[in-house]
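Next comes query07.csv, with CSV, C-alpha atoms (C1' of nucleotides).
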chain,number,residue,atom,x,y,z
A,354,MET,CA,8.8,-5.8,25.2
A,355,THR,CA,9.5,-9.2,23.8
A,356,ALA,CA,11.8,-9.5,20.7
A,357,ASP,CA,8.8,-10.7,18.8
A,358,ALA,CA,6.7,-7.7,19.6
A,359,LYS,CA,9.6,-5.4,18.9
A,360,ASN,CA,10.0,-7.0,15.4
A,361,LYS,CA,6.3,-6.8,14.8
A,362,ALA,CA,6.3,-3.1,15.6
A,363,GLN,CA,9.3,-2.6,13.4
A,364,TYR,CA,7.6,-4.3,10.4
A,365,LYS,CA,4.6,-2.2,11.0
A,366,ALA,CA,6.6,1.0,10.9
A,367,GLN,CA,8.4,-0.1,7.8
A,368,ALA,CA,5.2,-1.0,6.1
A,369,LYS,CA,3.9,2.5,6.8
A,370,VAL,CA,6.7,4.1,4.9
A,371,LEU,CA,6.3,1.6,2.0
A,372,LYS,CA,2.6,2.2,1.9
A,373,ALA,CA,3.1,5.9,1.7
A,374,LEU,CA,5.2,5.4,-1.4
A,375,ALA,CA,2.9,2.8,-2.9
A,376,HIS,CA,0.8,5.0,-5.2
A,377,PRO,CA,1.4,6.2,-8.7
A,378,SER,CA,0.7,9.8,-7.9
A,379,ARG,CA,2.9,9.8,-4.9
A,380,LEU,CA,5.7,8.2,-6.8
A,381,LEU,CA,5.5,11.0,-9.4
A,382,ILE,CA,5.5,13.5,-6.6
A,383,VAL,CA,8.6,12.0,-5.0
A,384,ASN,CA,10.3,11.8,-8.3
A,385,GLU,CA,9.7,15.5,-9.0
A,386,LEU,CA,10.7,16.5,-5.5
A,387,SER,CA,14.0,14.6,-6.0
A,388,LYS,CA,14.8,17.3,-8.6
A,389,ARG,CA,13.7,20.3,-6.7
A,390,GLU,CA,11.2,21.6,-4.2
A,391,ARG,CA,7.7,22.3,-5.4
A,392,CYS,CA,4.5,24.0,-4.1
A,393,VAL,CA,1.2,22.1,-4.0
A,394,CYS,CA,-0.3,23.8,-7.0
A,395,GLU,CA,2.7,22.9,-9.2
A,396,LEU,CA,2.5,19.3,-8.1
A,397,ALA,CA,-1.3,19.2,-8.6
A,398,GLU,CA,-0.7,20.4,-12.2
A,399,MET,CA,2.0,17.7,-12.8
A,400,VAL,CA,-0.1,14.9,-11.2
A,401,GLY,CA,-3.3,16.0,-13.0
A,402,SER,CA,-5.5,15.7,-9.9
A,403,GLU,CA,-7.4,18.3,-7.9
A,404,MET,CA,-5.4,20.2,-5.3
A,405,PRO,CA,-7.2,18.7,-2.3
A,406,THR,CA,-6.3,15.2,-3.6
A,407,VAL,CA,-2.7,16.1,-4.0
A,408,SER,CA,-2.6,17.9,-0.6
A,409,ARG,CA,-3.7,14.6,1.0
A,410,HIS,CA,-1.1,12.6,-0.8
A,411,LEU,CA,1.5,15.1,0.5
A,412,ALA,CA,0.2,14.9,4.0
A,413,LEU,CA,0.6,11.1,3.9
A,414,LEU,CA,4.2,11.4,2.7
A,415,ARG,CA,4.9,14.0,5.4
A,416,GLU,CA,3.4,11.8,8.1
A,417,ALA,CA,5.6,8.9,6.9
A,418,GLY,CA,8.6,11.2,7.2
A,419,ILE,CA,9.5,11.1,3.5
A,420,VAL,CA,8.9,14.8,2.7
A,421,ALA,CA,9.0,18.0,4.6
A,422,ASP,CA,6.9,21.2,4.1
A,423,ASP,CA,7.9,24.8,4.3
A,424,LYS,CA,5.2,27.5,4.3
A,425,ARG,CA,6.3,30.7,2.5
A,426,GLY,CA,3.6,33.2,2.2
A,427,ALA,CA,0.4,31.8,0.8
A,428,GLN,CA,2.3,28.8,-0.7
A,429,VAL,CA,3.6,25.6,0.9
A,430,PHE,CA,6.7,24.1,-0.6
A,431,TYR,CA,7.5,20.5,-0.2
A,432,ARG,CA,10.9,18.8,-0.5
A,433,LEU,CA,12.2,15.3,-0.4
A,434,LYS,CA,13.7,14.6,3.0
A,435,VAL,CA,15.1,11.2,2.4
A,436,PRO,CA,16.7,11.0,-1.1
A,437,CYS,CA,17.7,7.3,-0.7
A,438,VAL,CA,14.1,6.3,-1.6
A,439,MET,CA,15.1,7.1,-5.1
A,440,ASN,CA,17.3,3.9,-5.0
A,441,PHE,CA,14.2,1.9,-4.8
A,442,PHE,CA,13.4,2.5,-8.4
A,443,GLN,CA,16.5,0.8,-9.6
A,444,CYS,CA,15.6,-2.4,-7.7
A,445,ILE,CA,12.0,-2.3,-8.8
A,446,ALA,CA,13.2,-2.0,-12.4
A,447,ALA,CA,15.1,-5.2,-11.7
A,448,VAL,CA,11.9,-6.9,-10.7
A,449,HIS,CA,10.3,-6.0,-14.0
A,450,LYS,CA,13.4,-7.0,-16.0
A,451,LYS,CA,13.4,-10.4,-14.4
A,452,ASN,CA,9.7,-10.8,-15.1
A,453,ALA,CA,10.2,-9.8,-18.7
A,454,GLN,CA,13.0,-12.2,-19.1
A,455,GLU,CA,10.9,-15.1,-17.8
A,456,ALA,CA,8.1,-14.1,-20.1
A,457,THR,CA,10.5,-14.2,-23.0
A,458,LEU,CA,11.8,-17.6,-21.9
A,459,ILE,CA,8.3,-19.1,-21.7
A,460,MET,CA,7.2,-17.6,-25.0
A,461,GLY,CA,10.4,-18.9,-26.6
B,1017,MET,CA,2.1,5.9,-26.5
B,1018,THR,CA,2.9,9.4,-25.3
B,1019,ALA,CA,5.9,9.9,-22.9
B,1020,ASP,CA,3.3,11.0,-20.3
B,1021,ALA,CA,1.3,7.8,-20.6
B,1022,LYS,CA,4.4,5.7,-20.5
B,1023,ASN,CA,5.6,7.3,-17.3
B,1024,LYS,CA,2.1,6.9,-15.8
B,1025,ALA,CA,2.2,3.2,-16.6
B,1026,GLN,CA,5.6,3.0,-15.1
B,1027,TYR,CA,4.6,4.6,-11.9
B,1028,LYS,CA,1.6,2.3,-11.7
B,1029,ALA,CA,3.8,-0.8,-12.1
B,1030,GLN,CA,6.3,0.5,-9.5
B,1031,ALA,CA,3.4,1.2,-7.1
B,1032,LYS,CA,2.3,-2.3,-7.5
B,1033,VAL,CA,5.6,-3.7,-6.3
B,1034,LEU,CA,5.8,-1.3,-3.3
B,1035,LYS,CA,2.2,-2.0,-2.4
B,1036,ALA,CA,3.0,-5.7,-2.4
B,1037,LEU,CA,5.7,-5.0,0.2
B,1038,ALA,CA,3.7,-2.6,2.2
B,1039,HIS,CA,2.3,-5.0,4.9
B,1040,PRO,CA,3.9,-6.1,8.1
B,1041,SER,CA,3.2,-9.8,7.5
B,1042,ARG,CA,4.6,-9.6,4.0
B,1043,LEU,CA,7.7,-7.8,5.2
B,1044,LEU,CA,8.2,-10.6,7.8
B,1045,ILE,CA,7.8,-13.2,5.0
B,1046,VAL,CA,10.2,-11.4,2.7
B,1047,ASN,CA,12.7,-11.2,5.5
B,1048,GLU,CA,12.5,-14.9,6.2
B,1049,LEU,CA,12.7,-15.8,2.6
B,1050,SER,CA,15.9,-13.7,2.3
B,1051,LYS,CA,17.5,-16.3,4.6
B,1052,ARG,CA,16.1,-19.4,2.9
B,1053,GLU,CA,13.2,-20.9,1.1
B,1054,ARG,CA,10.1,-21.8,3.2
B,1055,CYS,CA,6.9,-23.7,2.6
B,1056,VAL,CA,3.5,-22.0,3.3
B,1057,CYS,CA,2.9,-23.8,6.5
B,1058,GLU,CA,6.2,-22.7,8.0
B,1059,LEU,CA,5.5,-19.1,7.0
B,1060,ALA,CA,2.0,-19.3,8.5
B,1061,GLU,CA,3.6,-20.4,11.7
B,1062,MET,CA,6.1,-17.6,11.7
B,1063,VAL,CA,3.5,-14.9,10.8
B,1064,GLY,CA,1.0,-16.2,13.3
B,1065,SER,CA,-2.0,-16.1,10.8
B,1066,GLU,CA,-4.1,-18.7,9.2
B,1067,MET,CA,-2.7,-20.5,6.2
B,1068,PRO,CA,-5.3,-19.1,3.8
B,1069,THR,CA,-4.3,-15.6,4.8
B,1070,VAL,CA,-0.6,-16.3,4.3
B,1071,SER,CA,-1.3,-18.0,1.0
B,1072,ARG,CA,-3.0,-14.8,-0.2
B,1073,HIS,CA,-0.1,-12.7,1.0
B,1074,LEU,CA,2.3,-15.0,-1.0
B,1075,ALA,CA,0.1,-14.8,-4.1
B,1076,LEU,CA,0.3,-11.0,-3.9
B,1077,LEU,CA,4.1,-11.1,-3.6
B,1078,ARG,CA,4.2,-13.6,-6.5
B,1079,GLU,CA,2.0,-11.5,-8.7
B,1080,ALA,CA,4.3,-8.5,-8.1
B,1081,GLY,CA,7.3,-10.6,-9.1
B,1082,ILE,CA,9.0,-10.5,-5.7
B,1083,VAL,CA,8.9,-14.2,-4.9
B,1084,ALA,CA,8.7,-17.4,-6.8
B,1085,ASP,CA,7.0,-20.7,-5.8
B,1086,ASP,CA,8.1,-24.3,-6.4
B,1087,LYS,CA,5.7,-27.1,-5.7
B,1088,ARG,CA,7.4,-30.2,-4.3
B,1089,GLY,CA,5.0,-33.0,-3.4
B,1090,ALA,CA,2.1,-31.7,-1.3
B,1091,GLN,CA,4.1,-28.6,-0.3
B,1092,VAL,CA,4.8,-25.3,-2.0
B,1093,PHE,CA,8.1,-23.7,-1.3
B,1094,TYR,CA,8.6,-19.9,-1.8
B,1095,ARG,CA,11.8,-18.1,-2.3
B,1096,LEU,CA,12.9,-14.5,-2.7
B,1097,LYS,CA,13.4,-13.7,-6.4
B,1098,VAL,CA,14.7,-10.2,-6.0
B,1099,PRO,CA,17.1,-9.9,-3.1
B,1100,CYS,CA,17.7,-6.2,-3.7
B,1101,VAL,CA,14.4,-5.4,-1.9
B,1102,MET,CA,16.3,-6.1,1.3
B,1103,ASN,CA,18.3,-2.8,0.7
B,1104,PHE,CA,15.1,-0.9,1.2
B,1105,PHE,CA,15.2,-1.5,4.9
B,1106,GLN,CA,18.4,0.4,5.4
B,1107,CYS,CA,16.8,3.5,3.7
B,1108,ILE,CA,13.6,3.1,5.7
B,1109,ALA,CA,15.7,3.0,8.9
B,1110,ALA,CA,17.2,6.3,7.8
B,1111,VAL,CA,13.7,7.8,7.5
B,1112,HIS,CA,13.0,6.9,11.1
B,1113,LYS,CA,16.4,8.0,12.3
B,1114,LYS,CA,15.8,11.4,10.8
B,1115,ASN,CA,12.3,11.6,12.4
B,1116,ALA,CA,13.8,10.7,15.8
B,1117,GLN,CA,16.5,13.3,15.4
B,1118,GLU,CA,14.0,16.0,14.7
B,1119,ALA,CA,11.8,14.9,17.6
B,1120,THR,CA,14.9,15.2,19.9
B,1121,LEU,CA,15.7,18.7,18.5
B,1122,ILE,CA,12.2,19.9,19.1
B,1123,MET,CA,12.0,18.4,22.6
B,1124,GLY,CA,15.4,19.9,23.4
C,1372,DT,C1',-12.2,46.0,4.7
C,1373,DA,C1',-13.3,43.2,0.7
C,1374,DT,C1',-11.4,40.1,-2.2
C,1375,DC,C1',-8.6,36.7,-4.4
C,1376,DA,C1',-5.5,32.7,-4.4
C,1377,DA,C1',-3.2,28.7,-2.0
C,1378,DA,C1',-3.9,25.1,0.9
C,1379,DT,C1',-6.2,22.2,4.1
C,1380,DT,C1',-10.1,19.9,6.2
C,1381,DA,C1',-14.7,17.7,6.0
C,1382,DG,C1',-17.9,14.7,4.2
C,1383,DC,C1',-19.4,11.6,0.7
C,1384,DT,C1',-19.3,7.3,-2.3
C,1385,DA,C1',-17.0,3.6,-4.7
C,1386,DA,C1',-13.4,0.4,-4.6
C,1387,DA,C1',-9.7,-2.3,-2.5
C,1388,DC,C1',-7.8,-4.7,1.4
C,1389,DC,C1',-7.5,-8.1,5.3
C,1390,DG,C1',-8.7,-11.5,8.2
C,1391,DC,C1',-11.6,-15.2,9.1
C,1392,DT,C1',-14.3,-19.8,8.0
C,1393,DA,C1',-15.9,-23.1,4.7
C,1394,DA,C1',-15.2,-25.4,0.6
C,1395,DA,C1',-12.5,-27.2,-3.2
C,1396,DT,C1',-8.1,-29.2,-5.1
C,1397,DA,C1',-4.0,-31.8,-5.0
C,1398,DT,C1',-0.6,-35.0,-3.1
C,1399,DG,C1',0.9,-38.8,-0.1
C,1400,DT,C1',-0.2,-42.9,2.7
C,1401,DC,C1',-2.6,-46.9,4.6
D,1425,DG,C1',-10.5,-46.4,-2.6
D,1426,DA,C1',-10.5,-44.0,2.0
D,1427,DC,C1',-8.2,-40.7,4.6
D,1428,DA,C1',-5.0,-37.1,6.2
D,1429,DT,C1',-2.1,-33.1,5.1
D,1430,DA,C1',-0.9,-28.9,2.3
D,1431,DT,C1',-2.5,-25.3,-0.4
D,1432,DT,C1',-5.6,-22.5,-2.8
D,1433,DT,C1',-10.1,-20.5,-3.8
D,1434,DA,C1',-14.6,-18.4,-2.5
D,1435,DG,C1',-17.4,-15.7,0.1
D,1436,DC,C1',-18.4,-12.7,4.1
D,1437,DG,C1',-18.0,-8.4,7.3
D,1438,DG,C1',-15.3,-4.7,8.8
D,1439,DT,C1',-11.7,-1.3,7.8
D,1440,DT,C1',-9.0,1.6,4.9
D,1441,DT,C1',-8.1,4.2,0.7
D,1442,DA,C1',-8.9,7.5,-3.1
D,1443,DG,C1',-11.1,10.6,-5.6
D,1444,DC,C1',-14.4,14.3,-5.8
D,1445,DT,C1',-17.0,18.7,-4.3
D,1446,DA,C1',-17.9,22.0,-0.7
D,1447,DA,C1',-16.5,24.5,3.1
D,1448,DT,C1',-12.8,26.6,6.0
D,1449,DT,C1',-8.4,28.8,7.0
D,1450,DT,C1',-4.5,31.7,5.9
D,1451,DG,C1',-1.8,35.1,3.6
D,1452,DA,C1',-1.4,38.8,-0.1
D,1453,DT,C1',-3.4,42.7,-2.3
D,1454,DA,C1',-6.4,46.3,-4.0
Please lay out the structure from this file as structure tokens.
Amino acid sequence: MTADAKNKAQYKAQAKVLKALAHPSRLLIVNELSKRERCVCELAEMVGSEMPTVSRHLALLREAGIVADDKRGAQVFYRLKVPCVMNFFQCIAAVHKKNAQEATLIMG
Amino acid sequence: MTADAKNKAQYKAQAKVLKALAHPSRLLIVNELSKRERCVCELAEMVGSEMPTVSRHLALLREAGIVADDKRGAQVFYRLKVPCVMNFFQCIAAVHKKNAQEATLIMG
DNA sequence: TATCAAATTAGCTAAACCGCTAAATATGTC
DNA sequence: GACATATTTAGCGGTTTAGCTAATTTGATA
């Protein structure tokens, strides 16, 4: 494989992870799972969407390798597998801070 | 505004930033811009897509507040506004490392 | 076994995304 | 002014995403 193709594949893989995170409901889920594990029904309640919808969000996060699931009885508990994604929030906050600063500068 | 609505808006804003990053071509662009500023035509060459396509990718990144543009003559130069996004890659690599480890464990 | 609850899967529609080509806009040069 | 280059905007087709409801699967319980 050429270095170019290798990089392209790498970017694609990275994009998949970011894409999995790039949804308001999934961010809420990840944030909750950073505190403690939760079953699907609890997360559905928190998100405020139907369970099938949340189940699909979780499947996406699982496929991306961000969360792991653990079936116990009739319930499936999800947990955050890669806590470092929580660091993203700080950087993203910086993005908005910078934008707000500029807006202030422009407005006077 | 309720705390709930506030959080919801926050998640939406964060999702927008992540979504802007969640594309192979845009990751390549961000990576290049982390080294130095580049005009659209240079980036189009690197990405290997048509200029209009790359221009739209850049517009998306600009709207998300990740890059800034600077018109000089007939050319428009883009630069990375928030270098901390580069830290994401390390974490994403950890995601894949963890997945690979598990695959190895399962395979024996 | 019959039934209930939790979760996933399937199937549908509406909306968003991505790449292209063509057209419009803006700048520099002859 | 005419023309070439750099960039953006518009518009089109194909693909993906997101939510819902309905149906299916799985485990617990009467």
Query - Nearby residues, (-4.5, 26.3, -0.1) file frame, 10 Å, all atoms listed in the file, as number ranges by chain - result: A: 393-394, 404-405, 408, 427-429; C: 1376-1379; D: 1449-1451
Could you please take those selected residues and save C-alpha atoms (C1' of nucleotides) as a PDB file, keeping the file's coordinate frame?
ATOM      1  CA  VAL A 393       1.200  22.100  -4.000  1.00  0.00           C
ATOM      2  CA  CYS A 394      -0.300  23.800  -7.000  1.00  0.00           C
ATOM      3  CA  MET A 404      -5.400  20.200  -5.300  1.00  0.00           C
ATOM      4  CA  PRO A 405      -7.200  18.700  -2.300  1.00  0.00           C
ATOM      5  CA  SER A 408      -2.600  17.900  -0.600  1.00  0.00           C
ATOM      6  CA  ALA A 427       0.400  31.800   0.800  1.00  0.00           C
ATOM      7  CA  GLN A 428       2.300  28.800  -0.700  1.00  0.00           C
ATOM      8  CA  VAL A 429       3.600  25.600   0.900  1.00  0.00           C
TER       9      VAL A 429
ATOM     10  C1'  DA C1376      -5.500  32.700  -4.400  1.00  0.00           C
ATOM     11  C1'  DA C1377      -3.200  28.700  -2.000  1.00  0.00           C
ATOM     12  C1'  DA C1378      -3.900  25.100   0.900  1.00  0.00           C
ATOM     13  C1'  DT C1379      -6.200  22.200   4.100  1.00  0.00           C
TER      14       DT C1379
ATOM     15  C1'  DT D1449      -8.400  28.800   7.000  1.00  0.00           C
ATOM     16  C1'  DT D1450      -4.500  31.700   5.900  1.00  0.00           C
ATOM     17  C1'  DG D1451      -1.800  35.100   3.600  1.00  0.00           C
TER      18       DG D1451
END
Query - Distance-based interface of chain A with chain B, 10 Å, counting all atoms listed in the file, as a PyMOL selection string - result: chain A and resi 360-381+384+400+416-420+434-452
Query raised in the report: Around (-16.5, -15.8, 10.2) in the file's own coordinates, what residues are found within 12 Å if you use only C-alpha atoms (C1' of nucleotides), given back as a ChimeraX atom specification?
Result: /C:1390-1393 /D:1435-1438
Could you turn the residues from that selection into a file that holds C-alpha atoms (C1' of nucleotides), as a JSON list (two decimals), in the coordinates of the input?
[["chain", "number", "residue", "atom", "x", "y", "z"],
["C", 1390, "DG", "C1'", -8.70, -11.50, 8.20],
["C", 1391, "DC", "C1'", -11.60, -15.20, 9.10],
["C", 1392, "DT", "C1'", -14.30, -19.80, 8.00],
["C", 1393, "DA", "C1'", -15.90, -23.10, 4.70],
["D", 1435, "DG", "C1'", -17.40, -15.70, 0.10],
["D", 1436, "DC", "C1'", -18.40, -12.70, 4.10],
["D", 1437, "DG", "C1'", -18.00, -8.40, 7.30],
["D", 1438, "DG", "C1'", -15.30, -4.70, 8.80]]
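For DG1443 (chain D), the residues within 10 Å (counting all atoms listed in the file, excluding itself and residues fewer than 3 positions away along the chain) are Ser402, Glu403, Pro405 and Thr406 of chain A; DT1384 and DA1385 of chain C.
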Within 9 Å of chain B, which residues of chain D come that close, and what is the closest atom pair and distance in Å for each? Count all atoms listed in the file and give it as a tab-separated table.
residue	atom	partner	partner_atom	distance
D:DT1429	C1'	B:Ala1090	CA	7.8
D:DA1430	C1'	B:Ala1090	CA	5.5
D:DT1431	C1'	B:Gln1091	CA	7.4
D:DT1432	C1'	B:Ser1071	CA	7.3
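As for CA of Met1062 (chain B) and CA of Arg1095 (chain B), they are spaced 15.1 Å apart.
CA of Asp422 (chain A) to CA of Lys388 (chain A) spans 15.5 Å [interatomic distance, one decimal].
The residues of chain C lying at most 8 Å from chain B, with only C-alpha atoms (C1' of nucleotides) taken into account, are DG1390, DA1397, DT1398 and DG1399 of chain C.
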Incomplete region 1052-1077 of chain B filled out to N, CA and C atoms as a PDB file, in the coordinates of the input:
ATOM      1  N   ARG B1052      16.254 -18.163   3.641  1.00  0.00           N
ATOM      2  CA  ARG B1052      16.100 -19.400   2.900  1.00  0.00           C
ATOM      3  C   ARG B1052      14.687 -19.649   2.495  1.00  0.00           C
ATOM      4  N   GLU B1053      14.508 -20.563   1.569  1.00  0.00           N
ATOM      5  CA  GLU B1053      13.200 -20.900   1.100  1.00  0.00           C
ATOM      6  C   GLU B1053      12.339 -21.477   2.228  1.00  0.00           C
ATOM      7  N   ARG B1054      11.016 -21.331   2.132  1.00  0.00           N
ATOM      8  CA  ARG B1054      10.100 -21.800   3.200  1.00  0.00           C
ATOM      9  C   ARG B1054       8.820 -22.277   2.526  1.00  0.00           C
ATOM     10  N   CYS B1055       8.186 -23.276   3.127  1.00  0.00           N
ATOM     11  CA  CYS B1055       6.900 -23.700   2.600  1.00  0.00           C
ATOM     12  C   CYS B1055       5.815 -22.812   3.320  1.00  0.00           C
ATOM     13  N   VAL B1056       4.592 -22.860   2.801  1.00  0.00           N
ATOM     14  CA  VAL B1056       3.500 -22.000   3.300  1.00  0.00           C
ATOM     15  C   VAL B1056       3.234 -22.246   4.764  1.00  0.00           C
ATOM     16  N   CYS B1057       3.241 -23.508   5.155  1.00  0.00           N
ATOM     17  CA  CYS B1057       2.900 -23.800   6.500  1.00  0.00           C
ATOM     18  C   CYS B1057       3.925 -23.268   7.515  1.00  0.00           C
ATOM     19  N   GLU B1058       5.187 -23.307   7.133  1.00  0.00           N
ATOM     20  CA  GLU B1058       6.200 -22.700   8.000  1.00  0.00           C
ATOM     21  C   GLU B1058       5.996 -21.215   8.134  1.00  0.00           C
ATOM     22  N   LEU B1059       5.719 -20.554   7.017  1.00  0.00           N
ATOM     23  CA  LEU B1059       5.500 -19.100   7.000  1.00  0.00           C
ATOM     24  C   LEU B1059       4.289 -18.733   7.852  1.00  0.00           C
ATOM     25  N   ALA B1060       3.246 -19.548   7.720  1.00  0.00           N
ATOM     26  CA  ALA B1060       2.000 -19.300   8.500  1.00  0.00           C
ATOM     27  C   ALA B1060       2.319 -19.330   9.971  1.00  0.00           C
ATOM     28  N   GLU B1061       3.143 -20.306  10.348  1.00  0.00           N
ATOM     29  CA  GLU B1061       3.600 -20.400  11.700  1.00  0.00           C
ATOM     30  C   GLU B1061       4.301 -19.178  12.207  1.00  0.00           C
ATOM     31  N   MET B1062       5.260 -18.728  11.381  1.00  0.00           N
ATOM     32  CA  MET B1062       6.100 -17.600  11.700  1.00  0.00           C
ATOM     33  C   MET B1062       5.247 -16.285  11.814  1.00  0.00           C
ATOM     34  N   VAL B1063       4.353 -16.130  10.842  1.00  0.00           N
ATOM     35  CA  VAL B1063       3.500 -14.900  10.800  1.00  0.00           C
ATOM     36  C   VAL B1063       2.507 -14.912  11.924  1.00  0.00           C
ATOM     37  N   GLY B1064       1.981 -16.101  12.223  1.00  0.00           N
ATOM     38  CA  GLY B1064       1.000 -16.200  13.300  1.00  0.00           C
ATOM     39  C   GLY B1064      -0.429 -15.920  12.737  1.00  0.00           C
ATOM     40  N   SER B1065      -0.632 -16.188  11.439  1.00  0.00           N
ATOM     41  CA  SER B1065      -2.000 -16.100  10.800  1.00  0.00           C
ATOM     42  C   SER B1065      -2.382 -17.398  10.259  1.00  0.00           C
ATOM     43  N   GLU B1066      -3.623 -17.506   9.847  1.00  0.00           N
ATOM     44  CA  GLU B1066      -4.100 -18.700   9.200  1.00  0.00           C
ATOM     45  C   GLU B1066      -3.448 -18.958   7.891  1.00  0.00           C
ATOM     46  N   MET B1067      -3.381 -20.194   7.492  1.00  0.00           N
ATOM     47  CA  MET B1067      -2.700 -20.500   6.200  1.00  0.00           C
ATOM     48  C   MET B1067      -3.362 -19.838   5.025  1.00  0.00           C
ATOM     49  N   PRO B1068      -4.676 -19.808   4.917  1.00  0.00           N
ATOM     50  CA  PRO B1068      -5.300 -19.100   3.800  1.00  0.00           C
ATOM     51  C   PRO B1068      -4.842 -17.651   3.685  1.00  0.00           C
ATOM     52  N   THR B1069      -4.756 -17.014   4.824  1.00  0.00           N
ATOM     53  CA  THR B1069      -4.300 -15.600   4.800  1.00  0.00           C
ATOM     54  C   THR B1069      -2.922 -15.473   4.298  1.00  0.00           C
ATOM     55  N   VAL B1070      -2.029 -16.321   4.783  1.00  0.00           N
ATOM     56  CA  VAL B1070      -0.600 -16.300   4.300  1.00  0.00           C
ATOM     57  C   VAL B1070      -0.520 -16.636   2.871  1.00  0.00           C
ATOM     58  N   SER B1071      -1.332 -17.585   2.451  1.00  0.00           N
ATOM     59  CA  SER B1071      -1.300 -18.000   1.000  1.00  0.00           C
ATOM     60  C   SER B1071      -1.657 -16.819   0.137  1.00  0.00           C
ATOM     61  N   ARG B1072      -2.591 -16.008   0.597  1.00  0.00           N
ATOM     62  CA  ARG B1072      -3.000 -14.800  -0.200  1.00  0.00           C
ATOM     63  C   ARG B1072      -1.856 -13.788  -0.199  1.00  0.00           C
ATOM     64  N   HIS B1073      -1.216 -13.616   0.937  1.00  0.00           N
ATOM     65  CA  HIS B1073      -0.100 -12.700   1.000  1.00  0.00           C
ATOM     66  C   HIS B1073       0.989 -13.143  -0.034  1.00  0.00           C
ATOM     67  N   LEU B1074       1.242 -14.444  -0.057  1.00  0.00           N
ATOM     68  CA  LEU B1074       2.300 -15.000  -1.000  1.00  0.00           C
ATOM     69  C   LEU B1074       1.851 -14.813  -2.423  1.00  0.00           C
ATOM     70  N   ALA B1075       0.577 -14.993  -2.688  1.00  0.00           N
ATOM     71  CA  ALA B1075       0.100 -14.800  -4.100  1.00  0.00           C
ATOM     72  C   ALA B1075       0.326 -13.380  -4.518  1.00  0.00           C
ATOM     73  N   LEU B1076       0.080 -12.443  -3.606  1.00  0.00           N
ATOM     74  CA  LEU B1076       0.300 -11.000  -3.900  1.00  0.00           C
ATOM     75  C   LEU B1076       1.774 -10.764  -4.246  1.00  0.00           C
ATOM     76  N   LEU B1077       2.648 -11.311  -3.412  1.00  0.00           N
ATOM     77  CA  LEU B1077       4.100 -11.100  -3.600  1.00  0.00           C
ATOM     78  C   LEU B1077       4.521 -11.783  -4.941  1.00  0.00           C
TER      79      LEU B1077
END
